[in-house]
Amino acid sequence: MNETSSSIERLIEREALFKTLFAFSPDAIVVTDADGRIRETNTQLNQLFGYNANELPGHPIEILIPERYRQNHQVHRRTYNDQPRVRPMGGALELFGLRKDGTEFPVEIMLGPVETPPGRMVLGVIRDITERKQLEEDARNRRALFEGEMSHLAQHDALTDLPNRLLLNDRLTQAISLARRNRSQLAVLFLDLDGFKHINDSLGHSVGDKLLQSVAERLSSCVRKSDTVSRQGGDEFVLLLSEVTHAADAAIISEKIIAELKRAHRIGKHRLRISASIGLSTYPTDGEDAETLIKNADTAMYDAKQSGRDKYRFFKSQMSLQAVERQSLEQQLRYALEREELLVHYQPKVNLKTGAITGVEALLRWQHPERGLLLPRQFLAIAEDTGLTIGIGQWVLHKASTQVRQWLDAGLLAVPVAVNISALEFRGRQFVHGVQEALKNACLDPKYLELELTESGLMRHAEPAAHTLAQLKAIGVRLAIDDFGTGYSSLSYLTRFPIDTLKLDQSFLNDIVVDSDRAIIVDAVVRLGRNLKKRVVAEGVETLEQLRFIQDLGCDEGQGHYFSPPVSAEQFAKFMETGLLIQLL
C-alpha cells in the first residue's frame, strides 16, 4: 500500500471516529462554516433546541441565538475570520440559546476552529446550564436572605424584634439632622417598667419575656409609624418621637403609654399589671446629639421613679447633679455589706395598757463613711432598682435573729423581733428556706421571729401569697401586715391569710385628734382587728394626745418616738432588763 492510500485510510478512519463521537456525544454539537451557516448538528442539539433532524443545516447560526445578541455575534465572527491565521477561540462562554418555540434558556458554549478540505469550520459544544443557574440563583438568594437576616438581627432586639440601641442611635442621629434643617423639635422618651424584676423573679423568665413582648406591642400601638420604639435591654425602652410641635405633645403620648401599660396583660394563666416611669428630653432644648438626649431622658426617668413611679418627668438641668449623686450612692451601696457599713437599730413595741415591751422591730440603717447615718428611704429604692434588696433583706433577717439569740443567752427576757420583708424577697423561690436557715443558724425558736409584709405586696399576688404564708405559719413564725389601711386588701383574703397582727400605718395618726375622718378609719381598723382576733399595733405614736386616743379605741399596742426612737442593740438590751418601757397609768 502506497503512502497516498495510507493517508486516505487514516482520513476515512478519522472521519468515522469523528462522526461516531459527533453522534453519541452527551453534549449538543453544531458545526458552522466561515459564513456562520449551520453544516451539521447532532441529535442532542436538535432535541435541546426543539428541531427535527436535518431541519437546521443551511440556516445561519443566528437561528439559535436571541435577537438581542445577533448583531454582536456577527461582529465577533467577522473579526475572527479576518485574522491572518487560526487562533484559539477562548474558553467557555455563558450565553442564552433560542429554542424553536421562542423560549430562551441559559447555555454554556465552547467554540473551536477546525480546518477541513472545504475550508475553515467552527465546532460549537453547547450545554444547557438552566439547572446550574437556578442553583446559583438559589444560593444568591439564600446568601442575600442570610445577610438580610444578619443585618436585621444586628439592628433589632431578639426578644421583641424592636430596633436596638444601634438602630435607634442611627435613626435618632438622622432625625436630629432633619430637625436641625427644618428648625423643628423631636422628643426622646426613656421608659423603665416599675416592679418588673419582682414578676421576673417570682413567675420566671418565660413569663417575664412574654410580658416584655406584650409591652413592646402596646408601646408600638401608642405612637406613629414614623416614630421609633426601641428596647435598650432588660425592661428599658427608648422611644423617638421624630416630630413634635410642642413639648406638650410628648407629654400626651407619655400619659397614653402609662394608661395603656396599666391595663392587665394576659400572660398564660396570669393577669399581670405593671406601671412605667418615663423620662423625657427634647431637641434642641435638652441636647443636640443622640447620646445627650438619651442620657438626659434616662436621668429624668430616674427622677420619675424617685417621685413615686407610674408617672413621667421632663428633664431639668438640676437632675444631672442628682443623677451623679445617685450613681455614686449606688456604687457605694454595692460594697456596704462587705465593708460592714450596714447596721440594725431596734424600736420597741409597747402594750398600751401596761407599758410593757411586747416586741421590737428591726430597722435597717447605713452608716455611710461620708454622709453619716442614712435611713432606708434614702437608699432602699436604689437597692431595689439594682437587685440588692434580697441580699440586704437576708442579711437583716440573719442579723436580727442572731441578736435575739444573744439577748436570750445574756439572760434577758427577750421579745419577738419583727423584720420587714420586701415584696421581692417574699416572692422569691427560696424565701421560706431562707427563713428556716436564719432560725437554724441562730438556734432561735420561731416564736421569736415576726415577719412584716406590706398590704399591697400581699394582695398583688394574693393566691401564691396565701400559700407562702401558710408555709411560714407552719414553721411557727409570727406574721404581720405592715402599713395596713394604705393598700387595697380584700376582706375575703384577709380572713384566709394566717395573719397575727395588723399594723396601722402611721399616716392615720397625723392630726388624728382634729381630723374626724382619720379618727373614723382608725376606729374601724381597730374594730376589724378585734373582730378578726388580730393584734392591732399603731405605728407613729408621737404625742400624748395620740396615745390617749388609740388607748380609748382599744388598740393593743403602740410604736413610735413617744416611747422610744430606734436604738442600738446595746441600748435596747437595757430596756429589756426591766421589760417596762414607760409607765402609762
# chains A, B, ... in the order shown; residues from 1 in each chain; ligands from 1
$ select_by_dssp --residues "segment 15-250 of chain A" --states "strand (DSSP E)" --output "PyMOL selection string"
chain A and resi 28-33+38-41+93-98+104-116+119-128+185-194+228-233+236-244
$ select_by_dssp --residues "segment 183-224 of chain A" --states "alpha helix (DSSP H)" --output "list of chain:residue names"
A:Phe196, A:Lys197, A:His198, A:Ile199, A:Asn200, A:Asp201, A:Ser202, A:Leu203, A:His205, A:Ser206, A:Val207, A:Gly208, A:Asp209, A:Lys210, A:Leu211, A:Leu212, A:Gln213, A:Ser214, A:Val215, A:Ala216, A:Glu217, A:Arg218, A:Leu219, A:Ser220, A:Ser221
$ closest_atom_pairs --of "segment 139-192 of chain A" --to "segment 197-217 of chain A" --cutoff "8 Å" --atoms "only C-alpha atoms" --output "CSV"
residue,atom,partner,partner_atom,distance
A:Leu159,CA,A:Gln213,CA,7.1
A:Thr160,CA,A:Gln213,CA,5.3
A:Leu162,CA,A:Ala216,CA,7.5
$ atom_distance --atom1 "atom CA of Phe22 of chain A" --atom2 "atom CA of Ile129 of chain A"
20.3 Å
$ atom_distance --atom1 "atom CA of Pro113 of chain A" --atom2 "atom CA of Leu56 of chain A"
20.0 Å
$ residues_around --residues "Tyr312 of chain A" --least-positions-apart "2" --cutoff "9 Å" --atoms "only C-alpha atoms" --output "list in words"
Leu191, Ala251, Ser254, Glu255, Ile258, Ala276, Ser277, Ile278, Gly279, Leu280, Ala300, Met301, Asp303, Ala304, Lys305, Arg309, Asp310 and Phe314 of chain A
$ write_last_selection --atoms "N, CA, C and O atoms" --output "compact mmCIF listing (two decimals), in the first residue's frame"
# COMPACT_ATOMS: atom_id res chain seq x y z
N LEU A 191 -38.12 54.87 79.03
CA LEU A 191 -39.15 54.19 79.82
C LEU A 191 -38.56 52.99 80.55
O LEU A 191 -37.84 52.19 79.96
N ALA A 251 -45.79 64.86 76.19
CA ALA A 251 -46.45 64.57 77.47
C ALA A 251 -47.75 63.79 77.24
O ALA A 251 -48.07 62.85 78.00
N SER A 254 -46.90 60.28 76.55
CA SER A 254 -46.46 59.62 77.79
C SER A 254 -47.66 59.21 78.63
O SER A 254 -47.69 58.09 79.18
N GLU A 255 -48.63 60.07 78.75
CA GLU A 255 -49.84 59.74 79.51
C GLU A 255 -50.58 58.57 78.87
O GLU A 255 -51.09 57.67 79.56
N ILE A 258 -48.61 55.33 79.68
CA ILE A 258 -48.79 54.92 81.08
C ILE A 258 -50.15 54.26 81.28
O ILE A 258 -50.27 53.22 81.93
N ALA A 276 -45.20 52.10 84.58
CA ALA A 276 -43.94 52.53 83.98
C ALA A 276 -43.58 53.94 84.44
O ALA A 276 -44.46 54.75 84.72
N SER A 277 -42.29 54.19 84.52
CA SER A 277 -41.76 55.52 84.80
C SER A 277 -41.08 56.01 83.53
O SER A 277 -40.32 55.27 82.90
N ILE A 278 -41.37 57.24 83.12
CA ILE A 278 -40.90 57.77 81.84
C ILE A 278 -40.16 59.08 82.05
O ILE A 278 -40.63 59.97 82.77
N GLY A 279 -39.00 59.19 81.42
CA GLY A 279 -38.26 60.45 81.39
C GLY A 279 -38.25 60.99 79.98
O GLY A 279 -38.13 60.24 79.01
N LEU A 280 -38.39 62.33 79.84
CA LEU A 280 -38.47 62.95 78.52
C LEU A 280 -37.37 63.99 78.35
O LEU A 280 -37.10 64.77 79.27
N ALA A 300 -34.12 61.88 83.70
CA ALA A 300 -35.49 62.28 84.05
C ALA A 300 -36.33 61.08 84.46
O ALA A 300 -37.21 61.18 85.33
N MET A 301 -36.07 59.92 83.85
CA MET A 301 -36.80 58.70 84.22
C MET A 301 -36.54 58.33 85.68
O MET A 301 -37.45 57.96 86.42
N ASP A 303 -35.76 60.33 88.02
CA ASP A 303 -36.47 61.29 88.84
C ASP A 303 -37.94 60.90 88.98
O ASP A 303 -38.53 61.04 90.06
N ALA A 304 -38.52 60.39 87.89
CA ALA A 304 -39.91 59.92 87.94
C ALA A 304 -40.04 58.75 88.91
O ALA A 304 -41.02 58.66 89.67
N LYS A 305 -39.07 57.86 88.92
CA LYS A 305 -39.10 56.72 89.85
C LYS A 305 -39.01 57.20 91.30
O LYS A 305 -39.75 56.74 92.18
N ARG A 309 -42.96 56.81 91.03
CA ARG A 309 -43.19 55.90 89.92
C ARG A 309 -44.56 56.11 89.26
O ARG A 309 -45.34 56.94 89.70
N ASP A 310 -44.79 55.35 88.18
CA ASP A 310 -46.06 55.41 87.46
C ASP A 310 -46.36 56.84 87.01
O ASP A 310 -47.47 57.32 87.11
N PHE A 314 -40.18 65.59 82.72
CA PHE A 314 -39.32 66.23 81.74
C PHE A 314 -37.95 66.49 82.36
O PHE A 314 -37.85 66.74 83.57
$ residues_around --residues "Asn42 of chain A" --least-positions-apart "4" --cutoff "7 Å" --atoms "only C-alpha atoms" --output "count of residues only"
6
$ atom_distance --atom1 "atom CA of Arg460 of chain A" --atom2 "atom CA of Arg273 of chain A"
8.7 Å
$ closest_residue --among "A:Val244, A:Ala381, A:Leu48, A:Ala470" --to "Ser307 of chain A" --atoms "only C-alpha atoms"
A:Ala381
$ residues_around --residues "segment 536-550 of chain A" --least-positions-apart "6" --cutoff "10 Å" --atoms "only C-alpha atoms" --output "compact mmCIF listing (two decimals) with all heavy atoms, in the first residue's frame"
# COMPACT_ATOMS: atom_id res chain seq x y z
N LYS A 349 -42.04 47.84 120.74
CA LYS A 349 -43.49 47.93 120.70
C LYS A 349 -43.97 47.80 122.15
O LYS A 349 -43.40 47.02 122.93
CB LYS A 349 -44.08 46.79 119.86
CG LYS A 349 -43.61 46.77 118.42
CD LYS A 349 -44.17 45.55 117.68
CE LYS A 349 -43.57 45.42 116.31
NZ LYS A 349 -44.04 44.20 115.60
N VAL A 350 -45.02 48.53 122.47
CA VAL A 350 -45.43 48.65 123.87
C VAL A 350 -46.90 48.26 124.04
O VAL A 350 -47.75 48.63 123.22
CB VAL A 350 -45.21 50.10 124.37
CG1 VAL A 350 -45.70 50.26 125.80
CG2 VAL A 350 -43.75 50.48 124.25
N ASN A 351 -47.17 47.50 125.09
CA ASN A 351 -48.54 47.20 125.47
C ASN A 351 -49.20 48.48 125.97
O ASN A 351 -48.70 49.12 126.91
CB ASN A 351 -48.55 46.13 126.57
CG ASN A 351 -49.96 45.70 126.92
OD1 ASN A 351 -50.80 46.51 127.31
ND2 ASN A 351 -50.22 44.40 126.83
N LEU A 352 -50.30 48.90 125.34
CA LEU A 352 -50.90 50.19 125.66
C LEU A 352 -51.67 50.20 126.98
O LEU A 352 -52.14 51.26 127.41
CB LEU A 352 -51.82 50.63 124.53
CG LEU A 352 -51.11 50.93 123.19
CD1 LEU A 352 -52.11 51.40 122.14
CD2 LEU A 352 -50.00 51.96 123.36
N ALA A 480 -47.30 39.60 110.22
CA ALA A 480 -47.97 40.89 110.41
C ALA A 480 -48.13 41.58 109.06
O ALA A 480 -47.28 41.44 108.18
CB ALA A 480 -47.18 41.77 111.36
N ILE A 481 -49.23 42.32 108.90
CA ILE A 481 -49.41 43.18 107.73
C ILE A 481 -49.02 44.59 108.13
O ILE A 481 -49.63 45.20 109.01
CB ILE A 481 -50.86 43.17 107.22
CG1 ILE A 481 -51.24 41.78 106.71
CG2 ILE A 481 -51.03 44.19 106.10
CD1 ILE A 481 -52.62 41.69 106.11
N ASP A 482 -47.95 45.08 107.48
CA ASP A 482 -47.44 46.42 107.78
C ASP A 482 -48.18 47.46 106.95
O ASP A 482 -48.71 47.16 105.87
CB ASP A 482 -45.94 46.45 107.46
CG ASP A 482 -45.24 47.65 108.06
OD1 ASP A 482 -45.82 48.28 108.97
OD2 ASP A 482 -44.12 47.95 107.64
N ASP A 483 -48.21 48.71 107.46
CA ASP A 483 -48.86 49.83 106.75
C ASP A 483 -50.30 49.51 106.40
O ASP A 483 -50.80 49.87 105.32
CB ASP A 483 -48.09 50.18 105.47
CG ASP A 483 -46.65 50.57 105.75
OD1 ASP A 483 -46.38 51.00 106.88
OD2 ASP A 483 -45.80 50.45 104.85
N PHE A 484 -50.99 48.82 107.28
CA PHE A 484 -52.38 48.42 106.99
C PHE A 484 -53.27 49.65 106.81
O PHE A 484 -53.18 50.63 107.54
CB PHE A 484 -52.93 47.55 108.12
CG PHE A 484 -54.27 46.96 107.82
CD1 PHE A 484 -54.39 45.88 106.95
CD2 PHE A 484 -55.44 47.49 108.37
CE1 PHE A 484 -55.63 45.34 106.65
CE2 PHE A 484 -56.66 46.96 108.06
CZ PHE A 484 -56.77 45.87 107.20
N ASP A 500 -51.23 37.35 112.22
CA ASP A 500 -51.36 37.55 113.67
C ASP A 500 -51.61 39.01 114.02
O ASP A 500 -52.31 39.30 114.99
CB ASP A 500 -50.08 37.08 114.38
CG ASP A 500 -49.78 35.62 114.11
OD1 ASP A 500 -50.54 34.77 114.59
OD2 ASP A 500 -48.79 35.33 113.40
N THR A 501 -51.03 39.92 113.21
CA THR A 501 -51.03 41.34 113.61
C THR A 501 -51.35 42.25 112.44
O THR A 501 -50.90 42.02 111.31
CB THR A 501 -49.63 41.72 114.15
OG1 THR A 501 -49.28 40.82 115.21
CG2 THR A 501 -49.62 43.14 114.68
N LEU A 502 -52.12 43.30 112.72
CA LEU A 502 -52.35 44.38 111.78
C LEU A 502 -51.64 45.62 112.32
O LEU A 502 -51.90 46.04 113.45
CB LEU A 502 -53.84 44.67 111.62
CG LEU A 502 -54.74 43.52 111.16
CD1 LEU A 502 -56.19 43.99 111.08
CD2 LEU A 502 -54.29 42.99 109.81
N LYS A 503 -50.75 46.19 111.50
CA LYS A 503 -50.03 47.39 111.93
C LYS A 503 -50.65 48.59 111.22
O LYS A 503 -50.55 48.71 109.99
CB LYS A 503 -48.54 47.28 111.62
CG LYS A 503 -47.81 46.22 112.43
CD LYS A 503 -46.30 46.35 112.32
CE LYS A 503 -45.82 47.57 113.11
NZ LYS A 503 -44.34 47.67 113.10
N LEU A 504 -51.28 49.43 111.98
CA LEU A 504 -51.94 50.62 111.44
C LEU A 504 -50.89 51.62 110.98
O LEU A 504 -50.02 52.01 111.74
CB LEU A 504 -52.85 51.25 112.50
CG LEU A 504 -53.68 52.45 112.07
CD1 LEU A 504 -54.72 52.03 111.04
CD2 LEU A 504 -54.35 53.08 113.28
N ASP A 505 -50.98 52.04 109.71
CA ASP A 505 -49.97 52.95 109.16
C ASP A 505 -49.96 54.27 109.93
O ASP A 505 -51.00 54.81 110.31
CB ASP A 505 -50.27 53.22 107.69
CG ASP A 505 -49.17 54.03 107.03
OD1 ASP A 505 -48.05 53.50 106.90
OD2 ASP A 505 -49.43 55.20 106.68
N GLN A 506 -48.74 54.78 110.13
CA GLN A 506 -48.57 55.98 110.95
C GLN A 506 -49.23 57.21 110.33
O GLN A 506 -49.52 58.19 111.03
CB GLN A 506 -47.09 56.26 111.18
CG GLN A 506 -46.30 56.53 109.90
CD GLN A 506 -44.83 56.77 110.19
OE1 GLN A 506 -44.43 56.96 111.34
NE2 GLN A 506 -44.02 56.77 109.15
N SER A 507 -49.49 57.18 109.04
CA SER A 507 -50.13 58.34 108.41
C SER A 507 -51.51 58.62 108.99
O SER A 507 -51.98 59.76 108.97
CB SER A 507 -50.23 58.12 106.89
OG SER A 507 -51.06 57.02 106.61
N PHE A 508 -52.16 57.59 109.53
CA PHE A 508 -53.51 57.79 110.06
C PHE A 508 -53.49 58.51 111.42
O PHE A 508 -54.52 59.03 111.86
CB PHE A 508 -54.22 56.44 110.22
CG PHE A 508 -54.58 55.81 108.90
CD1 PHE A 508 -53.99 54.62 108.50
CD2 PHE A 508 -55.48 56.41 108.04
CE1 PHE A 508 -54.31 54.04 107.29
CE2 PHE A 508 -55.80 55.84 106.83
CZ PHE A 508 -55.21 54.64 106.44
N LEU A 509 -52.32 58.51 112.09
CA LEU A 509 -52.25 59.17 113.39
C LEU A 509 -51.95 60.66 113.29
O LEU A 509 -52.09 61.39 114.26
CB LEU A 509 -51.18 58.49 114.27
CG LEU A 509 -51.46 57.04 114.67
CD1 LEU A 509 -50.43 56.58 115.69
CD2 LEU A 509 -52.86 56.88 115.24
N ASN A 510 -51.52 61.09 112.10
CA ASN A 510 -51.24 62.52 111.93
C ASN A 510 -52.54 63.31 112.03
O ASN A 510 -53.51 63.06 111.32
CB ASN A 510 -50.59 62.79 110.56
CG ASN A 510 -49.25 62.11 110.43
OD1 ASN A 510 -48.56 61.89 111.43
ND2 ASN A 510 -48.86 61.80 109.20
N ASP A 511 -52.56 64.27 112.94
CA ASP A 511 -53.73 65.15 113.16
C ASP A 511 -54.99 64.36 113.50
O ASP A 511 -56.12 64.80 113.21
CB ASP A 511 -54.01 66.02 111.92
CG ASP A 511 -52.82 66.88 111.55
OD1 ASP A 511 -52.15 67.37 112.48
OD2 ASP A 511 -52.55 67.05 110.35
N ILE A 512 -54.82 63.18 114.09
CA ILE A 512 -55.98 62.34 114.37
C ILE A 512 -56.95 62.98 115.35
O ILE A 512 -58.16 62.75 115.31
CB ILE A 512 -55.52 60.95 114.87
CG1 ILE A 512 -56.69 59.98 114.82
CG2 ILE A 512 -54.92 61.04 116.27
CD1 ILE A 512 -56.29 58.56 115.07
N VAL A 513 -56.42 63.81 116.25
CA VAL A 513 -57.27 64.42 117.27
C VAL A 513 -58.24 65.42 116.66
O VAL A 513 -59.38 65.57 117.12
CB VAL A 513 -56.40 65.09 118.36
CG1 VAL A 513 -57.28 65.77 119.41
CG2 VAL A 513 -55.47 64.08 119.01
N ALA A 519 -59.92 59.66 112.31
CA ALA A 519 -60.32 59.01 113.56
C ALA A 519 -61.30 57.87 113.27
O ALA A 519 -61.23 56.80 113.89
CB ALA A 519 -60.95 60.03 114.50
N VAL A 522 -59.30 54.87 111.86
CA VAL A 522 -58.56 54.17 112.91
C VAL A 522 -59.51 53.33 113.75
O VAL A 522 -59.24 52.16 114.07
CB VAL A 522 -57.79 55.17 113.79
CG1 VAL A 522 -57.17 54.45 114.99
CG2 VAL A 522 -56.71 55.88 112.98
N ASP A 523 -60.64 53.91 114.10
CA ASP A 523 -61.64 53.18 114.90
C ASP A 523 -62.10 51.93 114.15
O ASP A 523 -62.25 50.85 114.73
CB ASP A 523 -62.81 54.11 115.19
CG ASP A 523 -63.88 53.43 116.05
OD1 ASP A 523 -63.49 52.78 117.06
OD2 ASP A 523 -65.06 53.51 115.71
N VAL A 525 -60.47 50.20 111.82
CA VAL A 525 -59.40 49.20 111.75
C VAL A 525 -59.27 48.46 113.07
O VAL A 525 -59.11 47.23 113.11
CB VAL A 525 -58.06 49.87 111.36
CG1 VAL A 525 -56.90 48.87 111.49
CG2 VAL A 525 -58.13 50.41 109.93
N VAL A 526 -59.33 49.20 114.17
CA VAL A 526 -59.22 48.57 115.48
C VAL A 526 -60.37 47.58 115.69
O VAL A 526 -60.17 46.46 116.17
CB VAL A 526 -59.19 49.63 116.59
CG1 VAL A 526 -59.27 48.97 117.98
CG2 VAL A 526 -57.94 50.49 116.48
N ARG A 527 -61.58 48.00 115.33
CA ARG A 527 -62.74 47.11 115.47
C ARG A 527 -62.58 45.87 114.57
O ARG A 527 -62.91 44.75 114.97
CB ARG A 527 -64.03 47.85 115.11
CG ARG A 527 -64.41 48.92 116.12
CD ARG A 527 -65.66 49.67 115.64
NE ARG A 527 -66.01 50.75 116.54
CZ ARG A 527 -66.77 50.58 117.63
NH1 ARG A 527 -67.26 49.38 117.92
NH2 ARG A 527 -67.06 51.61 118.40
N LEU A 528 -62.10 46.10 113.34
CA LEU A 528 -61.90 44.99 112.41
C LEU A 528 -60.91 43.99 112.99
O LEU A 528 -61.13 42.77 112.97
CB LEU A 528 -61.38 45.52 111.06
CG LEU A 528 -61.02 44.46 110.01
CD1 LEU A 528 -62.26 43.68 109.59
CD2 LEU A 528 -60.37 45.13 108.79
N GLY A 529 -59.79 44.50 113.52
CA GLY A 529 -58.79 43.62 114.10
C GLY A 529 -59.34 42.83 115.28
O GLY A 529 -59.07 41.63 115.41
N ARG A 530 -60.12 43.50 116.10
CA ARG A 530 -60.68 42.82 117.27
C ARG A 530 -61.64 41.72 116.83
O ARG A 530 -61.62 40.60 117.37
CB ARG A 530 -61.40 43.85 118.15
CG ARG A 530 -61.89 43.25 119.50
CD ARG A 530 -62.65 44.28 120.32
NE ARG A 530 -61.82 45.43 120.63
CZ ARG A 530 -62.13 46.68 120.30
NH1 ARG A 530 -63.25 46.92 119.63
NH2 ARG A 530 -61.33 47.66 120.61
N ASP A 556 -54.28 47.57 120.82
CA ASP A 556 -53.50 46.69 121.69
C ASP A 556 -52.11 47.23 122.00
O ASP A 556 -51.67 47.26 123.15
CB ASP A 556 -53.34 45.31 121.04
CG ASP A 556 -54.69 44.65 120.79
OD1 ASP A 556 -55.43 44.45 121.75
OD2 ASP A 556 -54.97 44.34 119.61
N GLU A 557 -51.40 47.65 120.94
CA GLU A 557 -50.00 48.04 121.13
C GLU A 557 -49.69 49.31 120.35
O GLU A 557 -50.42 49.69 119.43
CB GLU A 557 -49.07 46.91 120.68
CG GLU A 557 -49.23 45.62 121.46
CD GLU A 557 -48.44 44.47 120.85
OE1 GLU A 557 -47.57 44.75 119.99
OE2 GLU A 557 -48.68 43.31 121.21
N GLY A 558 -48.60 49.95 120.71
CA GLY A 558 -48.17 51.16 120.03
C GLY A 558 -46.67 51.14 119.80
O GLY A 558 -45.92 50.44 120.48
N GLN A 559 -46.25 51.93 118.84
CA GLN A 559 -44.83 52.02 118.50
C GLN A 559 -44.58 53.42 117.97
O GLN A 559 -45.37 53.96 117.20
CB GLN A 559 -44.48 50.98 117.42
CG GLN A 559 -43.05 50.99 116.95
CD GLN A 559 -42.82 49.98 115.82
OE1 GLN A 559 -43.67 49.12 115.54
NE2 GLN A 559 -41.68 50.07 115.15
N GLY A 560 -43.52 54.05 118.40
CA GLY A 560 -43.23 55.39 117.92
C GLY A 560 -42.27 56.12 118.83
O GLY A 560 -41.88 55.62 119.89
N HIS A 561 -41.92 57.33 118.45
CA HIS A 561 -40.94 58.11 119.20
C HIS A 561 -41.45 58.53 120.58
O HIS A 561 -40.64 58.89 121.45
CB HIS A 561 -40.53 59.35 118.39
CG HIS A 561 -39.52 59.05 117.31
ND1 HIS A 561 -39.81 58.28 116.22
CD2 HIS A 561 -38.21 59.43 117.18
CE1 HIS A 561 -38.74 58.18 115.44
NE2 HIS A 561 -37.76 58.87 116.01
N TYR A 562 -42.75 58.50 120.78
CA TYR A 562 -43.25 58.83 122.13
C TYR A 562 -42.71 57.84 123.15
O TYR A 562 -42.42 58.21 124.29
CB TYR A 562 -44.79 58.81 122.14
CG TYR A 562 -45.36 59.17 123.48
CD1 TYR A 562 -45.46 60.52 123.88
CD2 TYR A 562 -45.77 58.20 124.38
CE1 TYR A 562 -45.96 60.86 125.12
CE2 TYR A 562 -46.27 58.53 125.63
CZ TYR A 562 -46.37 59.86 126.00
OH TYR A 562 -46.86 60.21 127.25
N PHE A 563 -42.54 56.61 122.74
CA PHE A 563 -42.00 55.58 123.63
C PHE A 563 -40.47 55.53 123.53
O PHE A 563 -39.76 55.58 124.52
CB PHE A 563 -42.58 54.21 123.29
CG PHE A 563 -44.08 54.20 123.23
CD1 PHE A 563 -44.73 53.98 122.03
CD2 PHE A 563 -44.84 54.41 124.37
CE1 PHE A 563 -46.11 53.97 121.96
CE2 PHE A 563 -46.22 54.40 124.30
CZ PHE A 563 -46.87 54.18 123.10
N SER A 564 -39.97 55.44 122.29
CA SER A 564 -38.53 55.40 122.07
C SER A 564 -38.24 55.45 120.58
O SER A 564 -38.93 54.81 119.79
CB SER A 564 -37.93 54.10 122.65
OG SER A 564 -36.58 53.96 122.24
N PRO A 565 -37.22 56.19 120.17
CA PRO A 565 -36.79 56.11 118.78
C PRO A 565 -36.06 54.79 118.57
O PRO A 565 -35.75 54.08 119.54
CB PRO A 565 -35.82 57.30 118.66
CG PRO A 565 -35.25 57.45 120.03
CD PRO A 565 -36.38 57.11 120.98
N LEU A 584 -47.58 53.94 131.90
CA LEU A 584 -48.70 54.54 131.18
C LEU A 584 -49.83 54.98 132.08
O LEU A 584 -50.66 55.81 131.71
CB LEU A 584 -49.25 53.55 130.14
CG LEU A 584 -48.25 53.14 129.03
CD1 LEU A 584 -48.89 52.11 128.14
CD2 LEU A 584 -47.82 54.34 128.22
$ closest_residue --among "A:Pro416, A:Pro106, A:Pro163, A:Gly411" --to "Leu239 of chain A" --atoms "only C-alpha atoms"
A:Pro163
$ closest_residue --among "A:Leu469, A:Gln327, A:Leu494, A:Leu342" --to "Leu375 of chain A" --atoms "only C-alpha atoms"
A:Leu342
$ closest_residue --among "A:Leu329, A:Lys353, A:Val31, A:Lys100" --to "Asn52 of chain A" --atoms "only C-alpha atoms"
A:Lys100
$ residues_around --residues "Pro57 of chain A" --least-positions-apart "2" --cutoff "12 Å" --atoms "only C-alpha atoms" --output "list in words"
Val30, Val31, Thr32, Asp33, Gly36, Arg37, Ile38, Arg39, Glu40, Thr41, Asn42, Leu45, Asn46, Tyr51, Asn52, Ala53, Asn54, Glu55, His59, Pro60, Ile61, Ile63 and Leu64 of chain A
$ closest_residue --among "A:Val417, A:Arg518, A:Leu364, A:Glu108" --to "Gly124 of chain A" --atoms "only C-alpha atoms"
A:Glu108
$ closest_residue --among "A:Met459, A:Leu337, A:Cys555, A:Leu449" --to "Ala414 of chain A" --atoms "only C-alpha atoms"
A:Leu449
$ residues_around --residues "Pro348 of chain A" --least-positions-apart "4" --cutoff "8 Å" --atoms "only C-alpha atoms" --output "list in words"
Ile357, Thr358, Gly359, Val360, Glu361, Gln559, Phe563, Ser564, Pro566 and Phe572 of chain A
